[in-house]
$ cat structure.txt   # compact mmCIF, C-alpha atoms
# COMPACT_ATOMS: atom_id res chain seq x y z
CA MET A 1 96.87 88.48 139.60
CA ILE A 2 98.48 86.86 136.55
CA GLU A 3 97.95 83.12 136.17
CA TYR A 4 100.20 80.83 134.16
CA ARG A 5 99.18 77.69 132.29
CA GLU A 6 102.26 75.56 131.73
CA SER A 7 103.12 72.50 129.72
CA GLU A 8 106.55 71.04 129.21
CA PHE A 9 107.29 73.42 126.30
CA LEU A 10 104.84 76.35 126.44
CA VAL A 11 103.91 78.95 129.05
CA GLU A 12 100.71 80.94 128.64
CA THR A 13 99.86 84.04 130.62
CA GLU A 14 96.13 84.29 131.20
CA VAL A 15 94.70 87.79 130.85
CA PRO A 16 92.49 88.35 133.92
CA GLU A 17 88.76 88.68 133.18
CA ASP A 18 88.57 92.09 134.84
CA GLU A 19 91.55 93.61 132.99
CA LEU A 20 91.79 95.59 129.77
CA ILE A 21 95.08 95.98 127.93
CA ILE A 22 95.38 99.45 126.40
CA SER A 23 97.99 100.93 124.12
CA ARG A 24 98.32 103.75 121.63
CA THR A 25 100.69 104.08 118.71
CA ASP A 26 101.73 106.73 116.26
CA LEU A 27 100.65 106.30 112.65
CA SER A 28 103.66 104.09 111.90
CA GLY A 29 102.85 101.67 114.74
CA LYS A 30 105.35 102.88 117.37
CA ILE A 31 103.99 102.68 120.90
CA THR A 32 103.22 106.04 122.52
CA TYR A 33 101.26 104.75 125.53
CA ALA A 34 101.05 101.41 127.36
CA ASN A 35 98.86 100.92 130.42
CA GLU A 36 100.04 99.02 133.48
CA THR A 37 98.12 95.89 132.45
CA PHE A 38 99.89 95.82 129.07
CA CYS A 39 103.23 96.03 130.87
CA ASP A 40 102.29 93.33 133.39
CA ILE A 41 100.92 90.88 130.82
CA SER A 42 103.68 91.43 128.22
CA GLY A 43 106.48 91.34 130.79
CA TYR A 44 107.98 94.60 129.54
CA HIS A 45 108.56 97.77 131.53
CA GLU A 46 106.86 100.85 130.11
CA ASN A 47 110.21 102.37 129.07
CA GLU A 48 110.95 99.21 127.05
CA LEU A 49 107.70 99.64 125.08
CA ILE A 50 107.45 103.38 124.45
CA GLY A 51 108.95 104.25 121.06
CA LYS A 52 109.14 100.60 119.95
CA SER A 53 107.09 99.09 117.13
CA HIS A 54 103.96 97.42 118.47
CA ASN A 55 105.14 94.24 116.76
CA ILE A 56 107.57 93.86 119.68
CA VAL A 57 104.82 91.57 121.05
CA ARG A 58 103.99 89.85 117.74
CA HIS A 59 103.98 86.09 118.17
CA PRO A 60 105.44 84.03 115.29
CA ASP A 61 102.23 81.95 115.24
CA MET A 62 100.34 84.96 113.88
CA PRO A 63 99.87 84.83 110.11
CA SER A 64 101.06 87.88 108.19
CA ALA A 65 97.61 88.07 106.53
CA ALA A 66 96.03 89.00 109.89
CA PHE A 67 98.23 92.08 110.23
CA ALA A 68 97.85 93.00 106.56
CA ASP A 69 94.08 93.00 107.18
CA LEU A 70 94.50 95.05 110.37
CA TRP A 71 96.57 97.72 108.61
CA SER A 72 94.37 97.97 105.53
CA THR A 73 91.28 98.27 107.75
CA ILE A 74 92.57 100.99 110.07
CA GLN A 75 94.25 102.93 107.28
CA ALA A 76 90.85 102.99 105.56
CA GLY A 77 89.48 104.72 108.67
CA LYS A 78 87.58 101.68 109.95
CA GLN A 79 87.75 99.81 113.26
CA TRP A 80 89.44 96.39 113.21
CA THR A 81 88.50 93.59 115.58
CA GLY A 82 90.35 90.31 115.73
CA ILE A 83 91.85 87.56 117.84
CA VAL A 84 95.58 87.97 118.45
CA LYS A 85 98.25 85.78 120.00
CA ASN A 86 101.04 87.94 121.44
CA MET A 87 104.48 87.02 122.70
CA ARG A 88 105.78 88.11 126.08
CA LYS A 89 109.29 89.37 126.71
CA ASP A 90 110.15 85.97 128.26
CA LYS A 91 108.88 84.22 125.05
CA GLY A 92 105.69 83.05 126.72
CA PHE A 93 102.41 84.06 125.13
CA TYR A 94 98.95 85.47 125.75
CA TRP A 95 95.74 85.61 123.68
CA VAL A 96 93.37 88.56 123.39
CA GLU A 97 90.52 89.99 121.42
CA ALA A 98 91.84 93.26 120.00
CA ILE A 99 89.88 96.29 118.87
CA VAL A 100 92.05 98.78 116.98
CA SER A 101 90.85 102.15 115.70
CA GLY A 102 92.01 105.62 114.85
CA VAL A 103 92.25 108.55 117.22
CA TYR A 104 91.19 111.83 115.63
CA LYS A 105 91.81 115.43 116.67
CA ASN A 106 89.93 118.14 114.79
CA GLY A 107 88.94 115.54 112.20
CA GLU A 108 92.55 114.49 111.54
CA LEU A 109 93.90 111.01 112.23
CA VAL A 110 96.73 111.42 114.76
CA GLU A 111 97.29 107.95 116.22
CA TYR A 112 95.81 104.50 116.78
CA LYS A 113 94.44 102.96 119.97
CA SER A 114 94.14 99.29 120.82
CA LEU A 115 91.90 97.80 123.49
CA ARG A 116 92.52 94.14 124.25
CA SER A 117 90.49 91.80 126.43
CA PRO A 118 90.64 88.12 127.45
CA ILE A 119 89.07 85.30 125.44
CA SER A 120 87.98 81.77 126.26
CA TYR A 121 90.06 78.63 125.86
CA GLU A 122 87.73 77.43 123.10
CA ILE A 123 88.30 80.60 121.06
CA LYS A 124 92.07 80.32 121.56
CA LEU A 125 92.03 76.75 120.31
CA LYS A 126 89.85 77.66 117.31
CA TYR A 127 92.15 80.52 116.29
CA GLN A 128 95.37 78.59 116.88
CA ARG A 129 94.12 75.98 114.42
CA LEU A 130 92.94 78.62 111.95
CA TYR A 131 96.22 80.54 112.12
CA ASP A 132 98.26 77.34 111.71
CA LYS A 133 96.23 76.58 108.58
CA MET A 134 96.60 80.14 107.22
CA ARG A 135 100.38 80.11 107.72
CA ALA A 136 100.70 76.70 106.04
CA GLU A 137 98.61 77.86 103.06
CA ASN A 138 100.79 80.98 102.70
CA ASN A 139 104.08 79.05 103.03
CA GLU A 140 104.86 80.71 106.35
CA LYS A 141 106.62 78.79 109.11
CA VAL A 142 104.37 76.44 111.03
CA ARG A 143 105.36 75.06 114.42
CA LYS A 144 104.93 71.40 115.10
CA ILE A 145 104.59 69.75 118.45
CA ILE A 146 105.35 66.05 118.52
CA TYR A 147 104.12 63.90 121.38
CA GLU A 148 106.03 60.74 122.13

$ encode --input "structure.txt" --output "structure tokens"
Amino acid sequence: MIEYRESEFLVETEVPEDELIISRTDLSGKITYANETFCDISGYHENELIGKSHNIVRHPDMPSAAFADLWSTIQAGKQWTGIVKNMRKDKGFYWVEAIVSGVYKNGELVEYKSLRSPISYEIKLKYQRLYDKMRAENNEKVRKIIYE
């Protein structure tokens, strides 16, 4: 079951503890496979994801440096692990720990796979603050929430 944490301006979808989000992409990052959990959490139907760039779920809070690091790591043939904030189809969001690596057939890289799992509130908060700081330092847009 998907749980929502709501404030007056943000809606978070909690990834259930017993779920794993799985996707695969071609070498250019276009989705070739999305499991049911990915569809449920992201709010997209499978046919809306297949063939689309995986950045369809990229949240604007994510600094570009995080994805530059991801791409340089996996293109070097290494596994990348990181904390990612994704955006749902309805503009809500969800946080995950992502592990991205190559898929090889007969020693040749043919696609990438991504396994994503839930993280704690404390880790979300830590990375939201870190990513806000990274975006500000790189002159990327930074959201501001003002309490009155």

$ closest_atom_pairs --input "structure.txt" --of "stretch 69-91 of chain A" --to "stretch 10-17 of chain A" --cutoff "10 Å" --atoms "all atoms listed in the file" --output "tab-separated table"
residue	atom	partner	partner_atom	distance
A:Met87	CA	A:Glu12	CA	9.3
A:Arg88	CA	A:Thr13	CA	8.5
A:Asp90	CA	A:Val11	CA	9.4
A:Lys91	CA	A:Val11	CA	8.3

$ atom_distance --input "structure.txt" --atom1 "atom CA of A:Ser23" --atom2 "atom CA of A:Val103"
11.8 Å

$ closest_residue --input "structure.txt" --among "A:Asp26, A:Glu97, A:Glu137, A:Asp132" --to "A:Ser120" --atoms "all atoms listed in the file"
A:Glu97

$ closest_residue --input "structure.txt" --among "A:Phe93, A:Leu70, A:Asn86, A:Asp40" --to "A:Val57" --atoms "only C-alpha atoms"
A:Asn86

$ atom_distance --input "structure.txt" --atom1 "atom CA of A:Lys52" --atom2 "atom CA of A:Ile31"
5.6 Å

$ residues_around --input "structure.txt" --residues "A:Gln75" --least-positions-apart "4" --cutoff "10 Å" --atoms "only C-alpha atoms" --output "ChimeraX atom specification"
/A:27,69-71,79,101-102,109,112

$ atom_distance --input "structure.txt" --atom1 "atom CA of A:Phe67" --atom2 "atom CA of A:Ile50"
20.4 Å

$ closest_residue --input "structure.txt" --among "A:Gly107, A:Gly92, A:Pro60, A:Gly82" --to "A:Ile119" --atoms "all atoms listed in the file"
A:Gly82

$ closest_residue --input "structure.txt" --among "A:Trp80, A:Leu20, A:Glu122, A:His45" --to "A:Ala68" --atoms "all atoms listed in the file"
A:Trp80

$ closest_residue --input "structure.txt" --among "A:Ile83, A:Ala65, A:Leu49, A:Ala76" --to "A:Trp95" --atoms "all atoms listed in the file"
A:Ile83

$ residues_near_point --input "structure.txt" --point "(97.6, 76.5, 108.4)" --cutoff "12 Å" --atoms "only C-alpha atoms" --output "PDB file with C-alpha atoms, in the coordinates of the input"
ATOM      1  CA  ASP A  61     102.230  81.950 115.240  1.00  0.00           C
ATOM      2  CA  MET A  62     100.340  84.960 113.880  1.00  0.00           C
ATOM      3  CA  PRO A  63      99.870  84.830 110.110  1.00  0.00           C
ATOM      4  CA  SER A  64     101.060  87.880 108.190  1.00  0.00           C
ATOM      5  CA  ALA A  65      97.610  88.070 106.530  1.00  0.00           C
ATOM      6  CA  LYS A 126      89.850  77.660 117.310  1.00  0.00           C
ATOM      7  CA  TYR A 127      92.150  80.520 116.290  1.00  0.00           C
ATOM      8  CA  GLN A 128      95.370  78.590 116.880  1.00  0.00           C
ATOM      9  CA  ARG A 129      94.120  75.980 114.420  1.00  0.00           C
ATOM     10  CA  LEU A 130      92.940  78.620 111.950  1.00  0.00           C
ATOM     11  CA  TYR A 131      96.220  80.540 112.120  1.00  0.00           C
ATOM     12  CA  ASP A 132      98.260  77.340 111.710  1.00  0.00           C
ATOM     13  CA  LYS A 133      96.230  76.580 108.580  1.00  0.00           C
ATOM     14  CA  MET A 134      96.600  80.140 107.220  1.00  0.00           C
ATOM     15  CA  ARG A 135     100.380  80.110 107.720  1.00  0.00           C
ATOM     16  CA  ALA A 136     100.700  76.700 106.040  1.00  0.00           C
ATOM     17  CA  GLU A 137      98.610  77.860 103.060  1.00  0.00           C
ATOM     18  CA  ASN A 138     100.790  80.980 102.700  1.00  0.00           C
ATOM     19  CA  ASN A 139     104.080  79.050 103.030  1.00  0.00           C
ATOM     20  CA  GLU A 140     104.860  80.710 106.350  1.00  0.00           C
ATOM     21  CA  LYS A 141     106.620  78.790 109.110  1.00  0.00           C
ATOM     22  CA  VAL A 142     104.370  76.440 111.030  1.00  0.00           C
ATOM     23  CA  ARG A 143     105.360  75.060 114.420  1.00  0.00           C
ATOM     24  CA  LYS A 144     104.930  71.400 115.100  1.00  0.00           C
TER      25      LYS A 144
END

$ axis_aligned_box --input "structure.txt" --around "stretch 44-48 of chain A" --padding-each-side "8 Å" --output "lines of an AutoDock Vina configuration file"
center_x = 108.9
center_y = 98.5
center_z = 129.3
size_x = 20.1
size_y = 23.8
size_z = 20.5

$ residues_around --input "structure.txt" --residues "A:Thr25" --least-positions-apart "5" --cutoff "8 Å" --atoms "only C-alpha atoms" --output "ChimeraX atom specification"
/A:30-33,54,111-113

$ closest_residue --input "structure.txt" --among "A:Val100, A:Arg116, A:Phe38, A:Asn47" --to "A:Ile74" --atoms "all atoms listed in the file"
A:Val100

$ build_atoms --input "structure.txt" --residues "stretch 8-36 of chain A" --atoms "N, CA and C atoms" --output "PDB file, in the frame of the given file"
ATOM      1  N   GLU A   8     105.105  71.214 129.174  1.00  0.00           N
ATOM      2  CA  GLU A   8     106.550  71.040 129.210  1.00  0.00           C
ATOM      3  C   GLU A   8     107.285  71.926 128.210  1.00  0.00           C
ATOM      4  N   PHE A   9     106.588  72.567 127.266  1.00  0.00           N
ATOM      5  CA  PHE A   9     107.290  73.420 126.300  1.00  0.00           C
ATOM      6  C   PHE A   9     106.638  74.765 126.057  1.00  0.00           C
ATOM      7  N   LEU A  10     105.521  75.084 126.679  1.00  0.00           N
ATOM      8  CA  LEU A  10     104.840  76.350 126.440  1.00  0.00           C
ATOM      9  C   LEU A  10     104.366  76.956 127.754  1.00  0.00           C
ATOM     10  N   VAL A  11     104.436  78.281 127.875  1.00  0.00           N
ATOM     11  CA  VAL A  11     103.910  78.950 129.050  1.00  0.00           C
ATOM     12  C   VAL A  11     102.963  80.052 128.594  1.00  0.00           C
ATOM     13  N   GLU A  12     101.710  79.935 128.997  1.00  0.00           N
ATOM     14  CA  GLU A  12     100.710  80.940 128.640  1.00  0.00           C
ATOM     15  C   GLU A  12     100.405  81.820 129.838  1.00  0.00           C
ATOM     16  N   THR A  13     100.323  83.104 129.610  1.00  0.00           N
ATOM     17  CA  THR A  13      99.860  84.040 130.620  1.00  0.00           C
ATOM     18  C   THR A  13      98.385  84.304 130.344  1.00  0.00           C
ATOM     19  N   GLU A  14      97.564  84.057 131.326  1.00  0.00           N
ATOM     20  CA  GLU A  14      96.130  84.290 131.200  1.00  0.00           C
ATOM     21  C   GLU A  14      95.843  85.760 131.500  1.00  0.00           C
ATOM     22  N   VAL A  15      95.124  86.414 130.605  1.00  0.00           N
ATOM     23  CA  VAL A  15      94.700  87.790 130.850  1.00  0.00           C
ATOM     24  C   VAL A  15      93.515  87.736 131.802  1.00  0.00           C
ATOM     25  N   PRO A  16      93.601  88.395 132.950  1.00  0.00           N
ATOM     26  CA  PRO A  16      92.490  88.350 133.920  1.00  0.00           C
ATOM     27  C   PRO A  16      91.201  88.901 133.322  1.00  0.00           C
ATOM     28  N   GLU A  17      90.084  88.293 133.699  1.00  0.00           N
ATOM     29  CA  GLU A  17      88.760  88.680 133.180  1.00  0.00           C
ATOM     30  C   GLU A  17      88.443  90.150 133.417  1.00  0.00           C
ATOM     31  N   ASP A  18      88.923  90.718 134.502  1.00  0.00           N
ATOM     32  CA  ASP A  18      88.570  92.090 134.840  1.00  0.00           C
ATOM     33  C   ASP A  18      89.604  93.115 134.366  1.00  0.00           C
ATOM     34  N   GLU A  19      90.494  92.714 133.470  1.00  0.00           N
ATOM     35  CA  GLU A  19      91.550  93.610 132.990  1.00  0.00           C
ATOM     36  C   GLU A  19      91.346  93.948 131.523  1.00  0.00           C
ATOM     37  N   LEU A  20      91.808  95.132 131.149  1.00  0.00           N
ATOM     38  CA  LEU A  20      91.790  95.590 129.770  1.00  0.00           C
ATOM     39  C   LEU A  20      93.188  96.094 129.443  1.00  0.00           C
ATOM     40  N   ILE A  21      93.759  95.556 128.372  1.00  0.00           N
ATOM     41  CA  ILE A  21      95.080  95.980 127.930  1.00  0.00           C
ATOM     42  C   ILE A  21      94.876  97.145 126.957  1.00  0.00           C
ATOM     43  N   ILE A  22      95.546  98.251 127.228  1.00  0.00           N
ATOM     44  CA  ILE A  22      95.380  99.450 126.400  1.00  0.00           C
ATOM     45  C   ILE A  22      96.733  99.945 125.933  1.00  0.00           C
ATOM     46  N   SER A  23      96.792 100.278 124.645  1.00  0.00           N
ATOM     47  CA  SER A  23      97.990 100.930 124.120  1.00  0.00           C
ATOM     48  C   SER A  23      97.580 101.895 123.032  1.00  0.00           C
ATOM     49  N   ARG A  24      98.495 102.811 122.739  1.00  0.00           N
ATOM     50  CA  ARG A  24      98.320 103.750 121.630  1.00  0.00           C
ATOM     51  C   ARG A  24      99.617 103.772 120.854  1.00  0.00           C
ATOM     52  N   THR A  25      99.488 103.991 119.550  1.00  0.00           N
ATOM     53  CA  THR A  25     100.690 104.080 118.710  1.00  0.00           C
ATOM     54  C   THR A  25     100.588 105.295 117.803  1.00  0.00           C
ATOM     55  N   ASP A  26     101.752 105.714 117.297  1.00  0.00           N
ATOM     56  CA  ASP A  26     101.730 106.730 116.260  1.00  0.00           C
ATOM     57  C   ASP A  26     101.263 106.074 114.968  1.00  0.00           C
ATOM     58  N   LEU A  27     101.196 106.829 113.898  1.00  0.00           N
ATOM     59  CA  LEU A  27     100.650 106.300 112.650  1.00  0.00           C
ATOM     60  C   LEU A  27     101.524 105.243 112.003  1.00  0.00           C
ATOM     61  N   SER A  28     102.781 105.134 112.433  1.00  0.00           N
ATOM     62  CA  SER A  28     103.660 104.090 111.900  1.00  0.00           C
ATOM     63  C   SER A  28     103.683 102.836 112.767  1.00  0.00           C
ATOM     64  N   GLY A  29     102.934 102.850 113.877  1.00  0.00           N
ATOM     65  CA  GLY A  29     102.850 101.670 114.740  1.00  0.00           C
ATOM     66  C   GLY A  29     103.802 101.671 115.922  1.00  0.00           C
ATOM     67  N   LYS A  30     104.464 102.799 116.191  1.00  0.00           N
ATOM     68  CA  LYS A  30     105.350 102.880 117.370  1.00  0.00           C
ATOM     69  C   LYS A  30     104.524 103.245 118.597  1.00  0.00           C
ATOM     70  N   ILE A  31     104.766 102.527 119.675  1.00  0.00           N
ATOM     71  CA  ILE A  31     103.990 102.680 120.900  1.00  0.00           C
ATOM     72  C   ILE A  31     104.244 104.047 121.538  1.00  0.00           C
ATOM     73  N   THR A  32     103.140 104.748 121.842  1.00  0.00           N
ATOM     74  CA  THR A  32     103.220 106.040 122.520  1.00  0.00           C
ATOM     75  C   THR A  32     102.640 105.974 123.932  1.00  0.00           C
ATOM     76  N   TYR A  33     101.854 104.934 124.204  1.00  0.00           N
ATOM     77  CA  TYR A  33     101.260 104.750 125.530  1.00  0.00           C
ATOM     78  C   TYR A  33     101.024 103.257 125.752  1.00  0.00           C
ATOM     79  N   ALA A  34     101.315 102.793 126.963  1.00  0.00           N
ATOM     80  CA  ALA A  34     101.050 101.410 127.360  1.00  0.00           C
ATOM     81  C   ALA A  34     100.549 101.443 128.800  1.00  0.00           C
ATOM     82  N   ASN A  35      99.344 100.911 129.045  1.00  0.00           N
ATOM     83  CA  ASN A  35      98.860 100.920 130.420  1.00  0.00           C
ATOM     84  C   ASN A  35      99.577  99.860 131.256  1.00  0.00           C
ATOM     85  N   GLU A  36      99.353  99.921 132.549  1.00  0.00           N
ATOM     86  CA  GLU A  36     100.040  99.020 133.480  1.00  0.00           C
ATOM     87  C   GLU A  36      99.729  97.552 133.175  1.00  0.00           C
TER      88      GLU A  36
END
